[in-house]
>>> print(open('model_24.cif').read())   # mmCIF, C-alpha atoms
data_run
#
loop_
_atom_site.label_atom_id
_atom_site.label_comp_id
_atom_site.auth_asym_id
_atom_site.auth_seq_id
_atom_site.Cartn_x
_atom_site.Cartn_y
_atom_site.Cartn_z
CA MET A 1 -17.00 60.35 -39.84
CA PRO A 2 -19.06 62.27 -37.25
CA LEU A 3 -21.21 65.14 -38.49
CA ILE A 4 -19.79 67.31 -35.70
CA GLN A 5 -16.49 66.89 -33.89
CA LEU A 6 -15.02 69.20 -31.26
CA LYS A 7 -11.40 68.72 -30.24
CA ASN A 8 -10.15 70.43 -27.07
CA ILE A 9 -12.42 73.45 -27.55
CA CYS A 10 -11.75 76.33 -25.16
CA LYS A 11 -13.44 79.71 -25.04
CA SER A 12 -12.42 82.69 -22.90
CA TYR A 13 -13.44 86.34 -22.81
CA PRO A 14 -11.27 89.28 -21.74
CA LEU A 15 -11.83 90.33 -18.13
CA GLY A 16 -9.78 93.19 -16.74
CA ASP A 17 -6.11 92.29 -17.13
CA GLY A 18 -6.85 88.60 -17.61
CA GLU A 19 -9.39 86.26 -19.15
CA LEU A 20 -12.60 84.61 -18.02
CA PRO A 21 -12.69 80.95 -19.12
CA ILE A 22 -16.15 79.83 -20.28
CA LEU A 23 -15.44 76.49 -22.01
CA LYS A 24 -12.58 74.19 -21.01
CA ASN A 25 -11.28 71.41 -23.25
CA ILE A 26 -14.59 70.30 -24.73
CA ASN A 27 -14.32 67.08 -26.72
CA LEU A 28 -17.50 65.96 -28.41
CA LYS A 29 -18.78 63.93 -31.36
CA ILE A 30 -22.32 64.12 -32.75
CA ASP A 31 -23.41 61.82 -35.57
CA ASN A 32 -25.77 62.60 -38.41
CA GLY A 33 -29.40 62.07 -37.37
CA GLU A 34 -28.88 62.34 -33.61
CA PHE A 35 -31.21 64.25 -31.28
CA VAL A 36 -28.97 65.72 -28.59
CA ALA A 37 -29.83 67.98 -25.65
CA ILE A 38 -27.15 70.18 -24.10
CA MET A 39 -28.14 70.84 -20.52
CA GLY A 40 -26.72 72.92 -17.71
CA PRO A 41 -27.49 75.66 -15.21
CA SER A 42 -27.32 79.35 -16.09
CA GLY A 43 -23.69 80.36 -16.63
CA SER A 44 -22.50 76.81 -17.31
CA GLY A 45 -21.33 77.61 -20.85
CA LYS A 46 -24.07 75.79 -22.75
CA SER A 47 -25.15 78.82 -24.81
CA THR A 48 -21.50 79.63 -25.63
CA LEU A 49 -21.11 76.04 -26.83
CA MET A 50 -24.26 76.38 -28.94
CA ASN A 51 -22.95 79.59 -30.52
CA ILE A 52 -19.71 77.85 -31.48
CA LEU A 53 -21.54 74.81 -32.87
CA GLY A 54 -23.84 77.12 -34.84
CA CYS A 55 -20.90 79.04 -36.36
CA LEU A 56 -22.04 82.23 -34.61
CA ASP A 57 -18.83 82.43 -32.56
CA LYS A 58 -15.32 80.99 -32.77
CA PRO A 59 -13.43 79.14 -30.05
CA SER A 60 -10.33 80.63 -28.45
CA SER A 61 -8.50 77.38 -29.13
CA GLY A 62 -9.19 73.85 -30.32
CA GLN A 63 -10.71 72.45 -33.52
CA TYR A 64 -14.30 72.35 -34.75
CA ILE A 65 -14.85 69.93 -37.64
CA LEU A 66 -18.30 70.26 -39.22
CA ASN A 67 -19.18 67.73 -41.91
CA GLY A 68 -15.48 67.17 -42.61
CA GLN A 69 -14.61 70.88 -42.80
CA ASN A 70 -12.38 72.70 -40.32
CA VAL A 71 -14.62 75.63 -39.39
CA GLU A 72 -11.65 77.70 -38.18
CA LYS A 73 -10.30 77.92 -41.75
CA LEU A 74 -13.53 79.08 -43.38
CA SER A 75 -14.06 82.68 -44.54
CA SER A 76 -16.90 84.88 -43.28
CA ASP A 77 -18.81 84.26 -46.53
CA GLU A 78 -18.35 80.49 -46.22
CA LEU A 79 -19.57 80.60 -42.61
CA ALA A 80 -22.60 82.64 -43.72
CA ASP A 81 -23.38 80.00 -46.36
CA ILE A 82 -23.21 77.26 -43.71
CA ARG A 83 -25.58 79.19 -41.45
CA ASN A 84 -27.99 79.63 -44.36
CA GLN A 85 -27.82 76.19 -45.98
CA THR A 86 -26.60 73.68 -43.38
CA ILE A 87 -28.02 75.04 -40.12
CA GLY A 88 -31.49 76.12 -39.05
CA PHE A 89 -31.91 78.14 -35.84
CA VAL A 90 -34.84 78.20 -33.43
CA PHE A 91 -34.70 80.63 -30.50
CA GLN A 92 -36.66 81.15 -27.30
CA GLY A 93 -38.02 84.50 -28.52
CA PHE A 94 -39.31 83.22 -31.93
CA ASN A 95 -37.63 86.17 -33.77
CA LEU A 96 -40.47 86.66 -36.24
CA LEU A 97 -41.11 89.89 -38.16
CA SER A 98 -44.22 91.35 -36.55
CA ARG A 99 -46.09 92.86 -39.50
CA THR A 100 -45.37 89.97 -41.81
CA SER A 101 -47.46 86.83 -42.39
CA ALA A 102 -46.31 83.40 -41.28
CA ILE A 103 -45.57 82.34 -44.84
CA GLU A 104 -43.53 85.50 -45.53
CA ASN A 105 -41.51 84.90 -42.36
CA VAL A 106 -40.76 81.36 -43.51
CA GLU A 107 -39.73 82.60 -46.99
CA LEU A 108 -37.05 84.93 -45.59
CA PRO A 109 -34.06 82.51 -45.57
CA MET A 110 -34.79 81.67 -49.20
CA VAL A 111 -34.81 85.35 -50.15
CA TYR A 112 -31.21 85.53 -48.88
CA SER A 113 -30.41 82.36 -50.82
CA GLY A 114 -31.74 83.81 -54.07
CA VAL A 115 -34.53 81.23 -54.48
CA GLU A 116 -37.09 82.21 -57.14
CA LYS A 117 -40.40 83.60 -55.82
CA ASN A 118 -42.75 80.75 -56.83
CA GLU A 119 -40.39 78.12 -55.48
CA ARG A 120 -40.04 80.11 -52.24
CA HIS A 121 -43.79 80.20 -51.82
CA HIS A 122 -44.20 76.48 -52.54
CA LYS A 123 -41.44 75.46 -50.11
CA ALA A 124 -42.73 77.78 -47.37
CA GLU A 125 -46.23 76.31 -47.75
CA LYS A 126 -44.86 72.78 -47.42
CA ALA A 127 -42.78 73.67 -44.34
CA LEU A 128 -45.80 75.23 -42.62
CA ILE A 129 -47.91 72.15 -43.43
CA ASP A 130 -45.11 69.95 -42.01
CA VAL A 131 -45.32 71.82 -38.68
CA GLY A 132 -49.14 71.71 -38.57
CA LEU A 133 -49.98 75.30 -39.58
CA LYS A 134 -51.85 74.75 -42.85
CA GLU A 135 -54.75 76.95 -41.64
CA ARG A 136 -52.55 79.76 -40.26
CA MET A 137 -50.20 80.55 -43.16
CA TYR A 138 -51.45 84.08 -43.74
CA HIS A 139 -51.81 85.09 -40.10
CA GLN A 140 -49.40 87.60 -38.60
CA PRO A 141 -47.51 86.72 -35.40
CA ASN A 142 -49.85 88.76 -33.18
CA GLN A 143 -52.73 86.58 -34.43
CA LEU A 144 -50.94 83.37 -33.36
CA SER A 145 -50.42 81.73 -29.99
CA GLY A 146 -46.88 81.33 -28.61
CA GLY A 147 -46.82 77.69 -29.69
CA GLN A 148 -47.97 78.60 -33.19
CA GLN A 149 -45.31 81.31 -33.42
CA GLN A 150 -42.67 78.76 -32.46
CA ARG A 151 -44.00 76.43 -35.15
CA VAL A 152 -43.52 79.23 -37.69
CA ALA A 153 -39.94 79.65 -36.42
CA ILE A 154 -39.36 75.90 -36.82
CA ALA A 155 -40.80 75.98 -40.35
CA ARG A 156 -38.38 78.81 -41.14
CA ALA A 157 -35.50 76.71 -39.76
CA ILE A 158 -36.33 73.68 -41.93
CA VAL A 159 -37.45 75.40 -45.16
CA ASN A 160 -33.96 75.40 -46.74
CA GLU A 161 -33.75 71.67 -45.91
CA ALA A 162 -30.89 72.35 -43.53
CA PRO A 163 -29.72 69.01 -42.09
CA ILE A 164 -28.97 70.47 -38.63
CA ILE A 165 -31.40 72.35 -36.39
CA PHE A 166 -30.11 74.23 -33.34
CA ALA A 167 -32.80 75.07 -30.80
CA ASP A 168 -31.82 77.43 -27.95
CA GLU A 169 -34.35 77.16 -25.07
CA PRO A 170 -37.18 76.74 -27.64
CA THR A 171 -39.84 76.12 -24.96
CA GLY A 172 -38.70 78.90 -22.62
CA ASN A 173 -41.68 81.15 -23.45
CA LEU A 174 -44.30 78.39 -23.63
CA ASP A 175 -46.61 76.74 -21.12
CA THR A 176 -46.25 73.04 -20.28
CA LYS A 177 -48.82 71.75 -22.79
CA MET A 178 -47.39 73.79 -25.65
CA SER A 179 -43.83 72.83 -24.67
CA VAL A 180 -44.71 69.14 -24.98
CA GLU A 181 -46.28 69.73 -28.41
CA ILE A 182 -43.18 71.56 -29.65
CA MET A 183 -40.87 68.83 -28.34
CA HIS A 184 -42.97 66.17 -30.07
CA LEU A 185 -42.57 68.19 -33.27
CA PHE A 186 -38.78 68.16 -32.86
CA GLN A 187 -38.92 64.38 -32.35
CA GLN A 188 -40.96 64.06 -35.54
CA LEU A 189 -38.48 66.17 -37.53
CA ASN A 190 -35.67 64.00 -36.19
CA ARG A 191 -37.29 60.61 -36.71
CA ASP A 192 -39.37 61.19 -39.85
CA LEU A 193 -37.24 63.72 -41.73
CA GLY A 194 -33.82 62.67 -40.41
CA ARG A 195 -32.83 66.13 -39.18
CA THR A 196 -30.03 66.33 -36.62
CA ILE A 197 -31.42 68.26 -33.64
CA ILE A 198 -29.21 69.97 -31.06
CA LEU A 199 -31.22 71.48 -28.24
CA VAL A 200 -30.06 73.73 -25.40
CA THR A 201 -32.17 73.71 -22.25
CA HIS A 202 -31.90 73.99 -18.48
CA GLU A 203 -35.03 71.88 -17.97
CA GLU A 204 -34.59 68.15 -17.28
CA ASP A 205 -38.07 67.18 -18.55
CA ILE A 206 -37.45 68.98 -21.87
CA ALA A 207 -33.99 67.42 -22.26
CA ARG A 208 -35.54 63.95 -21.84
CA PHE A 209 -37.27 64.26 -25.22
CA ALA A 210 -33.83 63.91 -26.82
CA ASP A 211 -32.01 60.60 -27.29
CA ARG A 212 -28.81 61.84 -25.65
CA ILE A 213 -28.12 64.46 -22.99
CA ILE A 214 -24.80 66.24 -22.56
CA HIS A 215 -24.51 67.94 -19.18
CA ILE A 216 -22.29 71.04 -18.99
CA VAL A 217 -21.06 72.21 -15.59
CA ASP A 218 -18.56 75.07 -15.18
CA GLY A 219 -17.60 74.93 -18.86
CA GLU A 220 -16.88 71.19 -18.93
CA ILE A 221 -18.83 68.10 -19.96
CA SER A 222 -19.74 66.34 -16.72
CA ILE A 223 -22.06 63.62 -18.06
CA ASP A 224 -22.83 62.33 -21.56
CA GLU A 225 -25.79 59.95 -21.30
CA LYS A 226 -28.16 58.05 -23.57
CA VAL A 227 -31.88 58.50 -22.85
CA LYS A 228 -34.19 55.50 -22.62
CA HIS A 229 -37.67 56.12 -24.06
#
>>> encode(input="model_24.cif", output="structure tokens")
Amino acid sequence: MPLIQLKNICKSYPLGDGELPILKNINLKIDNGEFVAIMGPSGSGKSTLMNILGCLDKPSSGQYILNGQNVEKLSSDELADIRNQTIGFVFQGFNLLSRTSAIENVELPMVYSGVEKNERHHKAEKALIDVGLKERMYHQPNQLSGGQQQRVAIARAIVNEAPIIFADEPTGNLDTKMSVEIMHLFQQLNRDLGRTIILVTHEEDIARFADRIIHIVDGEISIDEKVKH
């Protein structure tokens, strides 16, 4: 059974007296352990698709099966549990608390999960070591480079051992060298730790770090290709 399966997913938003279609009959399967890039120009629908996959939004029609569960039938609390335990999010803007140390930022998801303080601290330390920030744990975001801030965000995404990581334009605020380092880190998380990575980008060279690229054009899948490394 695929980890993720979309069946005839459509998404529209109200516009005047009618509707504006964003996604049109998306059918997609993603297996456990894949590294997939979703690529498309601005306005193609790729971020809307990411929001649906990440349980941040619901489709207008169609079925989303996540790990054997029909997402449409889950309550708000059940969806919140999935976002906390099954999914880790990494965003372009890092989304770190500014006056809080790296390790405290990484501990946040576990606070919401009710994890005991010592265990939180131990797990956050390990996650920061895993992303190469052993020497920067107690630095605040303004004391870190953009690449280091994104590493903190990735540590926060993996600290609850979520099997799926969604990354929305994670290199958008980084220079080329730092972007390559962050993409190598995603590859490591995928290959060494077995995390399923789903990445949204509009950059071809960033998408090529994945093992599979799904191209979205005008709300439809135009190409679904394997990447040769």
>>> residues_around(input="model_24.cif", residues="stretch 213-228 of chain A", least_positions_apart="5", cutoff="10 Å", atoms="all atoms listed in the file", output="ChimeraX atom specification")
/A:9-11,21-28,35-46,48-49,198-200,202,204,207-208
>>> residues_around(input="model_24.cif", residues="A:Ile30", least_positions_apart="3", cutoff="10 Å", atoms="all atoms listed in the file", output="compact mmCIF listing (two decimals) with C-alpha atoms, keeping the file's coordinate frame")
# COMPACT_ATOMS: atom_id res chain seq x y z
CA MET A 1 -17.00 60.35 -39.84
CA PRO A 2 -19.06 62.27 -37.25
CA LEU A 3 -21.21 65.14 -38.49
CA ILE A 4 -19.79 67.31 -35.70
CA GLN A 5 -16.49 66.89 -33.89
CA LEU A 6 -15.02 69.20 -31.26
CA GLY A 33 -29.40 62.07 -37.37
CA GLU A 34 -28.88 62.34 -33.61
CA PHE A 35 -31.21 64.25 -31.28
CA VAL A 36 -28.97 65.72 -28.59
CA LEU A 66 -18.30 70.26 -39.22
CA THR A 196 -30.03 66.33 -36.62
CA ILE A 198 -29.21 69.97 -31.06
CA ARG A 212 -28.81 61.84 -25.65
>>> atom_distance(input="model_24.cif", atom1="atom CA of A:Ile164", atom2="atom CA of A:Ala210")
14.4 Å
>>> residues_near_point(input="model_24.cif", point="(-30.7, 79.5, -27.0)", cutoff="7 Å", atoms="only C-alpha atoms", output="PyMOL selection string")
chain A and resi 47+91-92+167-169+200
>>> closest_residue(input="model_24.cif", among="A:Lys73, A:Lys117, A:Lys177, A:Lys126", to="A:Gly147", atoms="all atoms listed in the file")
A:Lys177
>>> closest_residue(input="model_24.cif", among="A:Val159, A:Leu53, A:Leu79, A:Val180", to="A:Val106", atoms="only C-alpha atoms")
A:Val159
>>> closest_residue(input="model_24.cif", among="A:Asp57, A:Glu19, A:Asp205, A:Glu119", to="A:Met183", atoms="all atoms listed in the file")
A:Asp205
>>> residues_around(input="model_24.cif", residues="A:Ser75", least_positions_apart="6", cutoff="12 Å", atoms="all atoms listed in the file", output="CSV table (one decimal) with C-alpha atoms, keeping the file's coordinate frame")
chain,number,residue,atom,x,y,z
A,55,CYS,CA,-20.9,79.0,-36.4
A,58,LYS,CA,-15.3,81.0,-32.8
A,69,GLN,CA,-14.6,70.9,-42.8
A,81,ASP,CA,-23.4,80.0,-46.4
A,82,ILE,CA,-23.2,77.3,-43.7
>>> closest_residue(input="model_24.cif", among="A:Asn95, A:Asn105, A:Gln143, A:Thr86", to="A:Pro170", atoms="all atoms listed in the file")
A:Asn95
>>> resolve_selection(input="model_24.cif", expression="the PyMOL selection byres ((chain A and resi 111) around 12)", output="list in words")
Asn84, Glu104, Asn105, Val106, Glu107, Leu108, Pro109, Met110, Tyr112, Ser113, Gly114, Val115, Glu116, Lys117, Asn118, Glu119, Arg120, His121, Lys123, Ala124, Arg156, Val159 and Asn160 of chain A
